[in-house]
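Shown below: protein.csv, with CSV, C-alpha atoms.
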```csv
chain,number,residue,atom,x,y,z
A,1,MET,CA,66.0,26.8,53.7
A,2,THR,CA,68.8,26.9,51.1
A,3,LEU,CA,69.5,29.7,48.6
A,4,ASN,CA,68.4,29.0,45.1
A,5,SER,CA,71.4,28.7,42.8
A,6,PRO,CA,72.4,31.5,40.5
A,7,ARG,CA,72.8,30.8,36.8
A,8,ARG,CA,75.4,28.2,36.0
A,9,ALA,CA,77.2,30.6,33.7
A,10,LEU,CA,78.5,32.4,36.8
A,11,GLU,CA,80.0,29.4,38.5
A,12,GLN,CA,83.4,29.7,36.8
A,13,LEU,CA,83.3,33.4,36.2
A,14,GLN,CA,86.0,35.5,38.0
A,15,PRO,CA,85.1,39.1,38.7
A,16,TYR,CA,87.2,41.9,37.4
A,17,SER,CA,89.9,42.7,39.9
A,18,GLY,CA,90.4,46.4,40.5
A,19,GLU,CA,92.5,46.1,43.7
A,20,MET,CA,93.6,49.6,45.0
A,21,PRO,CA,96.1,49.1,47.8
A,22,GLU,CA,96.4,52.1,50.1
A,23,GLY,CA,99.6,54.1,50.7
A,24,LYS,CA,101.2,53.0,47.4
A,25,LEU,CA,102.3,54.8,44.2
A,26,MET,CA,99.5,53.7,42.0
A,27,LEU,CA,100.7,53.1,38.4
A,28,ALA,CA,98.3,50.2,37.6
A,29,ALA,CA,94.9,51.5,36.5
A,30,ASN,CA,95.8,53.8,33.6
A,31,GLU,CA,94.4,56.9,35.4
A,32,SER,CA,95.7,60.4,34.7
A,33,PRO,CA,98.3,61.4,37.3
A,34,TYR,CA,96.7,64.8,37.4
A,35,ASN,CA,93.6,66.0,39.1
A,36,LEU,CA,91.1,68.3,37.4
A,37,PRO,CA,92.3,71.8,36.4
A,38,GLU,CA,91.9,74.6,38.9
A,39,SER,CA,89.2,76.3,36.8
A,40,VAL,CA,87.0,73.2,36.9
A,41,LEU,CA,87.6,72.6,40.6
A,42,ARG,CA,86.8,76.2,41.4
A,43,GLN,CA,83.5,76.0,39.5
A,44,LEU,CA,82.6,72.8,41.3
A,45,LYS,CA,83.4,74.4,44.7
A,46,ASP,CA,81.5,77.6,43.9
A,47,GLY,CA,78.4,75.8,42.7
A,48,ILE,CA,78.2,73.0,45.3
A,49,GLU,CA,75.9,74.8,47.7
A,50,ASP,CA,73.3,75.3,45.0
A,51,PHE,CA,73.5,71.8,43.6
A,52,ASP,CA,70.2,69.9,43.7
A,53,PHE,CA,71.3,66.7,45.3
A,54,ASN,CA,67.7,65.9,46.1
A,55,ARG,CA,66.6,65.7,42.4
A,56,TYR,CA,67.0,62.9,40.0
A,57,PRO,CA,69.5,63.5,37.1
A,58,ASP,CA,68.4,64.1,33.5
A,59,PRO,CA,67.9,60.5,32.4
A,60,LEU,CA,69.8,60.9,29.1
A,61,GLY,CA,72.1,63.8,30.2
A,62,GLN,CA,70.9,66.0,27.3
A,63,LYS,CA,73.1,69.0,28.0
A,64,LEU,CA,76.2,66.9,28.2
A,65,ARG,CA,75.1,64.8,25.3
A,66,LYS,CA,74.8,68.0,23.2
A,67,GLN,CA,78.2,69.2,24.2
A,68,ILE,CA,79.8,65.9,23.3
A,69,ALA,CA,77.9,65.9,20.0
A,70,ASP,CA,79.1,69.4,19.1
A,71,ALA,CA,82.7,68.7,20.0
A,72,ASN,CA,82.6,65.7,17.6
A,73,GLY,CA,80.6,67.3,14.9
A,74,VAL,CA,77.7,64.9,15.1
A,75,ASP,CA,74.0,65.2,16.1
A,76,ALA,CA,73.0,64.6,19.7
A,77,ASP,CA,71.0,61.5,18.7
A,78,CYS,CA,74.4,59.9,17.8
A,79,VAL,CA,75.6,60.1,21.4
A,80,LEU,CA,74.8,58.2,24.6
A,81,ILE,CA,76.5,58.7,27.9
A,82,GLY,CA,77.0,56.0,30.5
A,83,ASN,CA,78.4,55.3,34.0
A,84,GLY,CA,81.9,54.8,32.7
A,85,GLY,CA,82.7,52.9,29.5
A,86,ASP,CA,82.1,49.7,31.4
A,87,GLU,CA,78.3,50.3,31.7
A,88,LEU,CA,78.1,51.0,28.0
A,89,LEU,CA,80.0,47.8,27.2
A,90,LEU,CA,77.4,46.0,29.2
A,91,ASP,CA,74.6,47.8,27.4
A,92,ILE,CA,76.2,46.7,24.1
A,93,MET,CA,76.4,43.1,25.2
A,94,LEU,CA,72.8,43.2,26.5
A,95,ALA,CA,71.6,44.4,23.1
A,96,TRP,CA,73.9,42.4,20.8
A,97,GLY,CA,75.0,39.4,22.9
A,98,GLY,CA,73.3,36.7,25.0
A,99,SER,CA,70.9,34.4,23.2
A,100,ASP,CA,68.3,35.2,20.6
A,101,SER,CA,64.8,33.8,21.2
A,102,SER,CA,63.9,34.7,17.6
A,103,GLY,CA,66.6,32.5,16.3
A,104,PRO,CA,66.6,28.7,15.8
A,105,ASN,CA,66.7,26.8,19.1
A,106,ASN,CA,67.2,30.0,21.2
A,107,GLU,CA,70.6,30.2,19.7
A,108,ARG,CA,73.5,31.8,21.6
A,109,ARG,CA,74.9,34.9,19.9
A,110,THR,CA,78.7,35.2,19.2
A,111,MET,CA,81.2,37.9,20.3
A,112,MET,CA,84.6,38.1,18.7
A,113,GLN,CA,87.7,39.6,20.3
A,114,PHE,CA,91.4,39.8,19.6
A,115,THR,CA,93.4,38.5,22.6
A,116,PRO,CA,95.1,39.6,24.7
A,117,THR,CA,92.7,42.5,25.2
A,118,PHE,CA,90.5,44.2,27.8
A,119,SER,CA,89.1,41.5,30.1
A,120,MET,CA,85.6,43.0,30.5
A,121,TYR,CA,84.6,42.0,27.0
A,122,ARG,CA,85.0,38.3,28.0
A,123,ILE,CA,83.5,38.8,31.4
A,124,TYR,CA,80.3,40.4,30.1
A,125,ALA,CA,80.1,37.8,27.4
A,126,GLU,CA,80.4,34.9,29.8
A,127,ALA,CA,77.9,36.4,32.2
A,128,LEU,CA,75.3,36.6,29.5
A,129,GLU,CA,76.2,33.2,28.0
A,130,THR,CA,77.4,34.7,24.8
A,131,ARG,CA,79.6,32.5,22.6
A,132,ILE,CA,83.1,33.8,22.5
A,133,LEU,CA,85.4,33.7,19.5
A,134,SER,CA,88.9,34.7,20.5
A,135,VAL,CA,91.4,35.4,17.8
A,136,PRO,CA,95.0,35.6,19.0
A,137,ARG,CA,97.1,38.5,18.1
A,138,ASN,CA,100.6,38.0,16.7
A,139,PRO,CA,102.6,36.7,19.7
A,140,ASP,CA,105.7,38.9,18.8
A,141,THR,CA,104.2,42.2,17.6
A,142,LEU,CA,100.8,41.8,19.5
A,143,GLN,CA,99.1,43.2,16.4
A,144,ILE,CA,95.8,41.8,14.9
A,145,ASP,CA,96.3,39.5,11.9
A,146,VAL,CA,93.8,41.4,9.6
A,147,GLU,CA,93.6,38.6,7.0
A,148,GLN,CA,92.7,36.1,9.8
A,149,ALA,CA,90.2,38.5,11.3
A,150,VAL,CA,88.4,39.1,8.0
A,151,GLN,CA,88.3,35.3,7.3
A,152,CYS,CA,86.9,34.6,10.8
A,153,LEU,CA,84.2,37.1,10.3
A,154,GLN,CA,83.3,35.7,6.9
A,155,ASP,CA,83.4,32.1,8.1
A,156,ASN,CA,81.4,32.6,11.3
A,157,GLN,CA,78.1,34.2,12.2
A,158,VAL,CA,79.5,36.9,14.4
A,159,ASN,CA,77.1,39.3,16.0
A,160,LEU,CA,79.5,41.6,17.9
A,161,CYS,CA,83.2,42.4,17.6
A,162,PHE,CA,85.4,44.4,20.0
A,163,ILE,CA,88.6,46.1,19.0
A,164,ASP,CA,90.3,48.1,21.7
A,165,ASN,CA,92.3,50.8,20.0
A,166,PRO,CA,94.9,51.5,21.3
A,167,ASN,CA,94.7,48.0,22.7
A,168,ASN,CA,94.7,47.4,26.5
A,169,PRO,CA,97.0,46.1,27.9
A,170,THR,CA,99.5,46.1,24.9
A,171,GLY,CA,99.2,49.8,23.7
A,172,GLN,CA,99.2,48.7,20.1
A,173,MET,CA,97.2,50.4,17.4
A,174,THR,CA,95.1,48.8,14.6
A,175,TYR,CA,95.3,51.4,11.9
A,176,GLU,CA,92.2,52.8,10.2
A,177,GLU,CA,92.6,51.0,6.8
A,178,ASP,CA,92.7,47.6,8.7
A,179,LEU,CA,89.7,48.6,10.9
A,180,CYS,CA,87.8,49.5,7.7
A,181,ARG,CA,88.5,46.1,6.3
A,182,ILE,CA,87.3,44.4,9.5
A,183,ILE,CA,84.1,46.5,9.7
A,184,GLU,CA,83.3,45.8,6.0
A,185,ALA,CA,83.9,42.1,6.3
A,186,SER,CA,80.4,41.3,7.7
A,187,ASP,CA,77.3,42.9,9.3
A,188,ALA,CA,78.6,42.3,12.8
A,189,LEU,CA,78.4,45.3,15.1
A,190,VAL,CA,82.1,46.4,15.5
A,191,VAL,CA,82.9,48.3,18.7
A,192,VAL,CA,86.0,50.4,18.3
A,193,ASP,CA,87.0,51.1,22.0
A,194,GLU,CA,88.8,54.4,21.9
A,195,ALA,CA,89.3,54.8,25.6
A,196,TYR,CA,92.8,56.1,25.0
A,197,PHE,CA,92.4,57.9,21.7
A,198,GLU,CA,93.5,61.3,23.2
A,199,PHE,CA,97.0,59.8,23.6
A,200,SER,CA,97.1,58.3,20.1
A,201,GLY,CA,95.5,61.0,18.0
A,202,GLN,CA,93.7,58.3,15.9
A,203,THR,CA,89.9,58.0,15.8
A,204,MET,CA,87.4,56.3,13.5
A,205,LEU,CA,85.0,59.3,13.9
A,206,LYS,CA,85.1,60.3,10.2
A,207,TYR,CA,83.6,56.9,9.3
A,208,LEU,CA,80.6,57.2,11.5
A,209,ASP,CA,78.2,58.1,8.7
A,210,LYS,CA,79.7,55.4,6.4
A,211,TYR,CA,79.4,52.4,8.7
A,212,PRO,CA,76.0,51.7,10.3
A,213,ASN,CA,77.5,48.7,12.1
A,214,MET,CA,80.2,50.7,13.9
A,215,VAL,CA,80.2,52.0,17.5
A,216,ILE,CA,83.0,54.2,19.0
A,217,LEU,CA,83.4,54.0,22.7
A,218,ARG,CA,85.2,56.7,24.8
A,219,THR,CA,85.7,57.7,28.4
A,220,PHE,CA,86.4,60.7,30.6
A,221,SER,CA,88.4,58.5,33.0
A,222,LYS,CA,91.8,58.7,31.3
A,223,ALA,CA,92.7,61.9,29.6
A,224,TYR,CA,90.1,64.0,31.5
A,225,SER,CA,90.8,63.0,35.1
A,226,LEU,CA,87.3,61.7,35.9
A,227,ALA,CA,88.0,58.1,36.8
A,228,GLY,CA,86.6,58.7,40.2
A,229,LEU,CA,83.2,59.8,38.9
A,230,ARG,CA,82.7,57.2,36.1
A,231,LEU,CA,81.7,58.8,32.8
A,232,GLY,CA,81.8,57.4,29.3
A,233,TYR,CA,80.0,57.8,26.0
A,234,VAL,CA,79.4,56.1,22.7
A,235,LEU,CA,79.2,57.6,19.2
A,236,ALA,CA,77.1,55.6,16.7
A,237,GLN,CA,74.2,56.0,14.2
A,238,PRO,CA,70.9,56.9,15.8
A,239,GLU,CA,69.4,53.4,15.3
A,240,ILE,CA,72.2,51.9,17.5
A,241,ILE,CA,71.8,54.6,20.1
A,242,ASP,CA,68.1,53.8,20.3
A,243,MET,CA,68.7,50.1,20.9
A,244,LEU,CA,71.3,50.9,23.7
A,245,ALA,CA,68.9,53.3,25.3
A,246,ARG,CA,66.3,50.5,25.6
A,247,VAL,CA,68.6,48.4,27.8
A,248,ARG,CA,70.5,51.0,29.8
A,249,MET,CA,69.7,51.6,33.5
A,250,PRO,CA,67.5,54.7,34.2
A,251,TYR,CA,69.4,57.6,35.7
A,252,SER,CA,72.7,55.6,35.4
A,253,VAL,CA,74.9,58.8,35.2
A,254,ASN,CA,74.3,60.8,38.4
A,255,ALA,CA,73.7,64.5,38.3
A,256,PHE,CA,77.1,65.4,39.9
A,257,THR,CA,79.0,63.4,37.3
A,258,GLN,CA,76.9,65.1,34.5
A,259,TRP,CA,77.8,68.5,35.9
A,260,ALA,CA,81.5,67.7,36.2
A,261,GLY,CA,81.5,66.3,32.7
A,262,SER,CA,79.8,69.4,31.4
A,263,LEU,CA,82.4,71.6,33.0
A,264,VAL,CA,85.2,69.4,31.5
A,265,MET,CA,83.7,70.0,28.1
A,266,ASP,CA,83.5,73.7,28.8
A,267,ASN,CA,87.2,73.7,29.7
A,268,VAL,CA,88.5,70.9,27.5
A,269,THR,CA,91.5,72.8,26.1
A,270,GLU,CA,92.9,73.1,29.6
A,271,PHE,CA,93.7,69.4,29.5
A,272,ASP,CA,95.9,69.8,26.4
A,273,GLN,CA,99.1,70.4,28.4
A,274,ALA,CA,98.5,67.4,30.7
A,275,ILE,CA,97.9,65.1,27.7
A,276,ALA,CA,101.0,66.4,26.0
A,277,ASP,CA,103.0,65.9,29.2
A,278,ILE,CA,101.8,62.3,29.5
A,279,ILE,CA,102.8,61.6,25.9
A,280,LYS,CA,106.2,63.1,26.5
A,281,GLU,CA,106.7,61.1,29.6
A,282,ARG,CA,105.5,57.9,27.8
A,283,GLU,CA,108.3,58.3,25.3
A,284,TRP,CA,110.9,59.0,28.0
A,285,LEU,CA,109.7,55.9,29.9
A,286,TYR,CA,109.8,53.8,26.7
A,287,GLU,CA,113.4,54.7,26.0
A,288,VAL,CA,114.5,54.0,29.6
A,289,LEU,CA,112.8,50.6,29.6
A,290,GLN,CA,114.2,49.9,26.1
A,291,ASP,CA,117.8,50.5,27.4
A,292,MET,CA,117.4,48.2,30.4
A,293,PRO,CA,119.2,44.8,29.9
A,294,ASN,CA,116.9,41.8,29.5
A,295,VAL,CA,113.7,44.0,29.4
A,296,GLU,CA,111.5,43.8,26.3
A,297,VAL,CA,109.1,46.7,25.9
A,298,TRP,CA,106.4,47.4,23.3
A,299,SER,CA,105.8,50.9,21.9
A,300,SER,CA,102.5,52.3,23.0
A,301,GLN,CA,100.0,54.9,21.8
A,302,ALA,CA,98.2,55.0,25.1
A,303,ASN,CA,99.1,56.1,28.6
A,304,TYR,CA,100.8,52.9,29.7
A,305,LEU,CA,103.6,50.5,28.6
A,306,LEU,CA,103.7,46.8,28.5
A,307,PHE,CA,107.1,45.1,29.1
A,308,ARG,CA,108.4,41.6,29.6
A,309,LEU,CA,111.3,40.4,31.8
A,310,ASN,CA,112.5,37.3,33.6
A,311,LYS,CA,110.9,36.6,37.0
A,312,ALA,CA,108.3,39.2,36.4
A,313,LYS,CA,106.1,38.1,39.3
A,314,GLU,CA,109.0,38.4,41.7
A,315,VAL,CA,109.9,41.8,40.4
A,316,TRP,CA,106.3,43.0,40.7
A,317,GLN,CA,106.2,41.8,44.3
A,318,ARG,CA,109.4,43.5,45.2
A,319,LEU,CA,108.2,46.8,43.6
A,320,LEU,CA,105.2,46.5,45.9
A,321,ASP,CA,106.8,45.4,49.1
A,322,ALA,CA,110.1,47.2,49.0
A,323,HIS,CA,109.2,50.4,47.1
A,324,ASP,CA,105.4,50.8,47.6
A,325,ILE,CA,104.9,50.9,43.9
A,326,TYR,CA,101.8,49.1,42.5
A,327,ILE,CA,101.8,48.3,38.8
A,328,ARG,CA,99.7,45.7,36.9
A,329,ASP,CA,100.8,42.1,36.8
A,330,PHE,CA,100.0,40.3,33.6
A,331,SER,CA,102.7,37.7,34.0
A,332,SER,CA,100.2,34.7,34.2
A,333,ALA,CA,97.8,36.0,31.5
A,334,SER,CA,97.4,34.1,28.3
A,335,GLY,CA,99.8,35.4,25.7
A,336,LEU,CA,101.5,37.7,28.1
A,337,LYS,CA,103.9,35.4,30.0
A,338,ASN,CA,106.3,37.4,32.2
A,339,CYS,CA,104.6,40.7,31.2
A,340,LEU,CA,103.9,43.7,33.5
A,341,ARG,CA,102.1,47.0,32.6
A,342,VAL,CA,102.9,50.4,34.0
A,343,THR,CA,100.8,53.5,33.8
A,344,VAL,CA,102.6,56.7,32.7
A,345,GLY,CA,102.8,59.0,35.7
A,346,THR,CA,104.4,62.4,36.3
A,347,SER,CA,108.1,62.9,35.7
A,348,LYS,CA,108.8,62.4,39.4
A,349,GLN,CA,106.7,59.2,39.6
A,350,ASN,CA,108.3,57.8,36.5
A,351,ILE,CA,111.8,58.4,37.8
A,352,ALA,CA,110.9,56.7,41.1
A,353,PHE,CA,109.4,53.7,39.2
A,354,THR,CA,112.4,53.2,36.9
A,355,THR,CA,114.9,53.5,39.8
A,356,ALA,CA,112.9,51.0,41.8
A,357,LEU,CA,112.6,48.7,38.8
A,358,ARG,CA,116.3,48.6,38.3
A,359,GLU,CA,116.9,47.8,42.0
A,360,SER,CA,114.1,45.1,42.0
A,361,ILE,CA,115.5,43.4,38.9
A,362,ALA,CA,119.0,43.3,40.4
A,363,GLN,CA,117.7,42.1,43.7
A,364,VAL,CA,115.5,39.4,42.3
A,365,ASN,CA,118.2,38.0,40.1
A,366,LEU,CA,120.9,37.8,42.8
A,367,PRO,CA,122.3,34.2,43.2
A,368,ASP,CA,120.6,32.2,45.9
A,369,ASN,CA,123.9,31.9,47.8
A,370,PHE,CA,124.9,35.6,47.4
A,371,PHE,CA,124.8,36.4,51.1
A,372,SER,CA,126.3,33.1,52.3
A,373,GLY,CA,129.9,32.6,53.6
```
Mind turning this structure into structure tokens?
Amino acid sequence: MTLNSPRRALEQLQPYSGEMPEGKLMLAANESPYNLPESVLRQLKDGIEDFDFNRYPDPLGQKLRKQIADANGVDADCVLIGNGGDELLLDIMLAWGGSDSSGPNNERRTMMQFTPTFSMYRIYAEALETRILSVPRNPDTLQIDVEQAVQCLQDNQVNLCFIDNPNNPTGQMTYEEDLCRIIEASDALVVVDEAYFEFSGQTMLKYLDKYPNMVILRTFSKAYSLAGLRLGYVLAQPEIIDMLARVRMPYSVNAFTQWAGSLVMDNVTEFDQAIADIIKEREWLYEVLQDMPNVEVWSSQANYLLFRLNKAKEVWQRLLDAHDIYIRDFSSASGLKNCLRVTVGTSKQNIAFTTALRESIAQVNLPDNFFSG
């Protein structure tokens, strides 16, 4: 007996690669280099024996939902939490992507993105057989061409548009006046992915009441040190939240994660210093990379930096093999030839990385006959 084939849309689909090699300095996944503050860790430790592991979690996480709403000055029915931002991206794609049986000929819906950008937009779209409209960013600045974006939205029946802001992996911002023009160009649902907004200070939150076709996506994984527990949330008008709640998995955010997220919200100001330190280190790292010969680095408003250099793949491999430093290799990605991305770490980690990078560049670029005769 043979296995029935899965949907053909999956045949060429490559899964997201989140490789985590052990025993390395991890500067690849844009995590915070700091664990939770002592106050949060202490409360988790003190309450663990009374925690009801045997009970299902609150399906919608109402307590945490209310805390997030209060912190952002919105009503709780404008908030939905998820198992990381990735689950919420999938929920959005389930609700606004795929095919539409109510349309002519069961027509496939269209998702628009600005490449290079976060790969999960494409992966979810391909998995659900959503038509993908990829608009390339400026190859030099890596910024969105706003005129082109508006024209594409007006010329095509776009159902869903993703804008990563700051953009991952480039770190570039699309500023609010440009975002407003894009949102206003059509009735497409525009998802402004603000996973790194704590490091940029820019948010579209003040436009939430104005734009019924806008969703803001955020996460606790970056600035708030909860990457290991997976917690994200969206802010949108209640009609959108209702649609997303219809497709989300029941109990998708476990009770322990909800508890930890609630404690983070209770102690949110204790993360301010860590965020400030990361921003300070980002600027130091940018200046060091900018001063390295034959290295091109883009300014960033996130907690990572994208840079380009010759023989990037070989340099990446030497960093891993000779220095036990693991950063993200984008050298073969479309629009990012010879590019690598490094997460901003602690001061000690950043010094170790830049020292190793200098050595790796020098070693990789030695003449082939350097050690001969």
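Atom CA of A:Arg109 sits 23.6 Å away from atom CA of A:Asn165.
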Skipping near chain neighbours, those fewer than 3 positions away, what residues fall within 8 Å of A:Leu306 using all atoms listed in the file, listed as a list in words? Pro169, Thr170, Gly171, Val297, Trp298, Ser300, Cys339, Leu340, Arg341 and Val342 of chain A
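In this comparison, which uses only C-alpha atoms, the residue of A:Tyr207, A:Phe51, A:Val158, A:Val234 approaching A:Arg65 most closely is A:Val234.
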Please list as a PyMOL selection string every residue within 12 Å of A:Leu357, counting only C-alpha atoms and excluding residues in the same chain fewer than 4 positions away. chain A and resi 285+288-289+292-293+295+307+309+312+314-320+322-327+340+342+350-353+361-364
Selection to disk with C-alpha atoms, as a PDB file, keeping the file's coordinate frame:
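Contents of the output file result-v9.pdb:
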```
ATOM      1  CA  LEU A 285     109.700  55.900  29.900  1.00  0.00           C
ATOM      2  CA  VAL A 288     114.500  54.000  29.600  1.00  0.00           C
ATOM      3  CA  LEU A 289     112.800  50.600  29.600  1.00  0.00           C
ATOM      4  CA  MET A 292     117.400  48.200  30.400  1.00  0.00           C
ATOM      5  CA  PRO A 293     119.200  44.800  29.900  1.00  0.00           C
ATOM      6  CA  VAL A 295     113.700  44.000  29.400  1.00  0.00           C
ATOM      7  CA  PHE A 307     107.100  45.100  29.100  1.00  0.00           C
ATOM      8  CA  LEU A 309     111.300  40.400  31.800  1.00  0.00           C
ATOM      9  CA  ALA A 312     108.300  39.200  36.400  1.00  0.00           C
ATOM     10  CA  GLU A 314     109.000  38.400  41.700  1.00  0.00           C
ATOM     11  CA  VAL A 315     109.900  41.800  40.400  1.00  0.00           C
ATOM     12  CA  TRP A 316     106.300  43.000  40.700  1.00  0.00           C
ATOM     13  CA  GLN A 317     106.200  41.800  44.300  1.00  0.00           C
ATOM     14  CA  ARG A 318     109.400  43.500  45.200  1.00  0.00           C
ATOM     15  CA  LEU A 319     108.200  46.800  43.600  1.00  0.00           C
ATOM     16  CA  LEU A 320     105.200  46.500  45.900  1.00  0.00           C
ATOM     17  CA  ALA A 322     110.100  47.200  49.000  1.00  0.00           C
ATOM     18  CA  HIS A 323     109.200  50.400  47.100  1.00  0.00           C
ATOM     19  CA  ASP A 324     105.400  50.800  47.600  1.00  0.00           C
ATOM     20  CA  ILE A 325     104.900  50.900  43.900  1.00  0.00           C
ATOM     21  CA  TYR A 326     101.800  49.100  42.500  1.00  0.00           C
ATOM     22  CA  ILE A 327     101.800  48.300  38.800  1.00  0.00           C
ATOM     23  CA  LEU A 340     103.900  43.700  33.500  1.00  0.00           C
ATOM     24  CA  VAL A 342     102.900  50.400  34.000  1.00  0.00           C
ATOM     25  CA  ASN A 350     108.300  57.800  36.500  1.00  0.00           C
ATOM     26  CA  ILE A 351     111.800  58.400  37.800  1.00  0.00           C
ATOM     27  CA  ALA A 352     110.900  56.700  41.100  1.00  0.00           C
ATOM     28  CA  PHE A 353     109.400  53.700  39.200  1.00  0.00           C
ATOM     29  CA  ILE A 361     115.500  43.400  38.900  1.00  0.00           C
ATOM     30  CA  ALA A 362     119.000  43.300  40.400  1.00  0.00           C
ATOM     31  CA  GLN A 363     117.700  42.100  43.700  1.00  0.00           C
ATOM     32  CA  VAL A 364     115.500  39.400  42.300  1.00  0.00           C
TER      33      VAL A 364
END
```
Work out how far apart atom CA of A:Ser221 and atom CA of A:Glu31 are and give it in Å to one decimal. 6.7 Å
Identify, on the basis of all atoms listed in the file, every residue whose closest approach to A:Met204 does not exceed 8 Å; exclude the query and any residue fewer than 2 positions from it along the same chain; express the result as a ChimeraX atom specification. /A:176,192,202,206-208,216
Give me the residues near A:Ala333 as number ranges by chain, where near means some atom within 12 Å (using all atoms listed in the file) and where sequence neighbours in that chain fewer than 4 positions away do not count. A: 115-119, 169, 313, 328-329, 337-341
Selected stretch 273-286 of chain A, written as an mmCIF file, in the first residue's frame, N, CA and C atoms:
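The result, stored in result_1.cif:
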```cif
data_model
loop_
_atom_site.group_PDB
_atom_site.id
_atom_site.type_symbol
_atom_site.label_atom_id
_atom_site.label_comp_id
_atom_site.auth_asym_id
_atom_site.auth_seq_id
_atom_site.Cartn_x
_atom_site.Cartn_y
_atom_site.Cartn_z
ATOM 1 N N GLN A 273 16.456 49.074 29.919
ATOM 2 C CA GLN A 273 17.916 49.186 29.870
ATOM 3 C C GLN A 273 18.515 48.210 28.873
ATOM 4 N N ALA A 274 17.990 46.982 28.832
ATOM 5 C CA ALA A 274 18.499 45.998 27.871
ATOM 6 C C ALA A 274 18.263 46.467 26.437
ATOM 7 N N ILE A 275 17.082 47.034 26.173
ATOM 8 C CA ILE A 275 16.781 47.542 24.835
ATOM 9 C C ILE A 275 17.735 48.683 24.479
ATOM 10 N N ALA A 276 17.957 49.588 25.436
ATOM 11 C CA ALA A 276 18.884 50.704 25.200
ATOM 12 C C ALA A 276 20.300 50.194 24.946
ATOM 13 N N ASP A 277 20.702 49.171 25.682
ATOM 14 C CA ASP A 277 22.046 48.609 25.494
ATOM 15 C C ASP A 277 22.189 47.992 24.107
ATOM 16 N N ILE A 278 21.155 47.297 23.651
ATOM 17 C CA ILE A 278 21.200 46.680 22.320
ATOM 18 C C ILE A 278 21.303 47.755 21.239
ATOM 19 N N ILE A 279 20.534 48.838 21.385
ATOM 20 C CA ILE A 279 20.605 49.928 20.412
ATOM 21 C C ILE A 279 21.999 50.549 20.406
ATOM 22 N N LYS A 280 22.569 50.761 21.578
ATOM 23 C CA LYS A 280 23.921 51.314 21.672
ATOM 24 C C LYS A 280 24.934 50.389 21.018
ATOM 25 N N GLU A 281 24.818 49.095 21.275
ATOM 26 C CA GLU A 281 25.730 48.123 20.671
ATOM 27 C C GLU A 281 25.536 48.031 19.161
ATOM 28 N N ARG A 282 24.297 48.185 18.709
ATOM 29 C CA ARG A 282 24.027 48.179 17.261
ATOM 30 C C ARG A 282 24.795 49.307 16.576
ATOM 31 N N GLU A 283 24.780 50.484 17.173
ATOM 32 C CA GLU A 283 25.478 51.621 16.572
ATOM 33 C C GLU A 283 26.988 51.410 16.594
ATOM 34 N N TRP A 284 27.503 50.842 17.683
ATOM 35 C CA TRP A 284 28.943 50.540 17.744
ATOM 36 C C TRP A 284 29.317 49.527 16.678
ATOM 37 N N LEU A 285 28.517 48.485 16.549
ATOM 38 C CA LEU A 285 28.797 47.426 15.578
ATOM 39 C C LEU A 285 28.723 47.976 14.154
ATOM 40 N N TYR A 286 27.760 48.840 13.895
ATOM 41 C CA TYR A 286 27.631 49.454 12.570
ATOM 42 C C TYR A 286 28.895 50.243 12.219
#
```
